[in-house]
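> This is the structure, below, for whatever I ask next.
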Amino acid sequence: MKGYILTVSDKGSRGERLDASGPALAEWLEERGVRVQKVEVVPDEEERIADRLRVWADTEDAEIILTTGGTGVSPRDVTPEATLQVVERVIPGFGELMRRKSLEKTPMATLSRALAGIRKGSLIINLPGSPGGAVENLEAVWEAVPHAVAKIRGDQSDCVPSRHPTG
């Protein structure tokens, strides 16, 4: 799989904070055989985020795009809105599962607005901004990711083996 990572951070984009989440996600993905093509940082600006997602999905043939940061409730947290601008279909189960898993560690998980969706042949997943939270949330949904990417890209095989009797 070809992966792209977009860190959404005002301070990171200005060089006032080192991006730890993007590299942590890149390392995690590469350990699982994903070829990380780009890791970029943009400010918490809806149009900038949406533009980057569009470019990666439309012209770079990204299979998986991860965003990290901007999924909370502060006024500048606009990653879900930017994602909704560009996805053609939302996959609610990803956000539900990530929140459920995070609730095992903190009640603040209820404040996450992270979501996932599809644009063209790309699976886009919003993750929290902390390195630990980003990796933990990706781990929570990872089992479904390769299957989702295959289906998004046109795999016609059955999702579950048939239970029809033979003979």
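Ligands are numbered from 1 in the order shown, residues from 1 within each chain, and chains are lettered A, B, ... in the order they appear in the structure tokens.
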I'd like the neighbourhood of Lys105 in chain A as a list in words, where a residue qualifies if any of its atoms comes within 12 Å (using only C-alpha atoms), though same-chain residues fewer than 4 positions away should be ignored.
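After dropping sequence-adjacent residues, the list is Met98, Arg99, Arg100, Lys101, Ala109, Thr110, Gly132, Gly133, Glu136 and Asn137 of chain A.
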> Go ahead and save the residues from that selection, with N, CA and C atoms, as a compact mmCIF listing (two decimals), in the first residue's frame.

```
# COMPACT_ATOMS: atom_id res chain seq x y z
N MET A 98 -12.53 3.76 16.91
CA MET A 98 -11.41 4.50 17.50
C MET A 98 -11.84 5.15 18.81
N ARG A 99 -13.02 5.75 18.84
CA ARG A 99 -13.50 6.37 20.07
C ARG A 99 -13.72 5.32 21.17
N ARG A 100 -14.30 4.18 20.80
CA ARG A 100 -14.54 3.14 21.79
C ARG A 100 -13.22 2.67 22.40
N LYS A 101 -12.22 2.45 21.56
CA LYS A 101 -10.92 2.00 22.05
C LYS A 101 -10.28 3.07 22.94
N ALA A 109 -12.00 10.93 25.19
CA ALA A 109 -12.23 10.36 23.86
C ALA A 109 -13.60 10.74 23.31
N THR A 110 -14.53 11.05 24.19
CA THR A 110 -15.86 11.46 23.73
C THR A 110 -15.81 12.77 22.96
N GLY A 132 1.07 9.03 20.58
CA GLY A 132 0.48 7.84 21.19
C GLY A 132 -0.96 7.64 20.77
N GLY A 133 -1.74 8.70 20.81
CA GLY A 133 -3.15 8.61 20.41
C GLY A 133 -3.32 8.27 18.95
N GLU A 136 -2.34 4.52 18.56
CA GLU A 136 -3.35 3.68 19.22
C GLU A 136 -4.65 3.63 18.42
N ASN A 137 -5.06 4.77 17.89
CA ASN A 137 -6.30 4.80 17.10
C ASN A 137 -6.13 4.04 15.79
```
> What are the nearest atom pairs, with distances in Å to one decimal, for all residues of range 71-167 of chain A that come at most 12 Å from range 40-43 of chain A, using only C-alpha atoms, set out by chain and rising residue number as a Markdown table?

```
| residue | atom | partner | partner_atom | distance |
| --- | --- | --- | --- | --- |
| A:Arg76 | CA | A:Pro43 | CA | 9.3 |
| A:Asp77 | CA | A:Pro43 | CA | 10.1 |
| A:Val78 | CA | A:Pro43 | CA | 10.1 |
| A:Thr79 | CA | A:Pro43 | CA | 10.1 |
| A:Gly129 | CA | A:Val41 | CA | 11.6 |
```
> Can you list, as a PyMOL selection string, every protein, DNA or RNA residue that comes within 10 Å of range 59-67 of chain A when you count only C-alpha atoms, leaving out same-chain residues fewer than 4 positions away?
chain A and resi 1-8+21-22+25-26+34+36-41+49+53-55+71+79-80+83+114+116-129+134+138+145-146+148-150+152-153
> Run DSSP on the backbone and grab whatever in chain A lands in strand (DSSP E); send it over as JSON, numbers by chain.
{"A": [2, 3, 4, 5, 6, 7, 8, 35, 36, 37, 38, 39, 40, 41, 42, 64, 65, 66, 67, 68, 89, 90, 116, 117, 118, 119, 122, 123, 124, 125, 126, 127]}
> Between CA of Arg32 in chain A and CA of Lys11 in chain A, measure the distance and give it in Å to one decimal.
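These atoms are spaced 29.6 Å apart.
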> Just list as an NGL selection string whatever in chain A DSSP marks as helix (DSSP H, G or I).
:A and (10-13 or 21-30 or 46-59 or 79-86 or 92-103 or 107-111 or 131-152)
> Choose the residue, out of A:Asp155, A:Asp44, A:Glu139, A:Glu16, that has the smallest atom-to-atom separation from Gly69 in chain A; count only C-alpha atoms.
A:Asp44
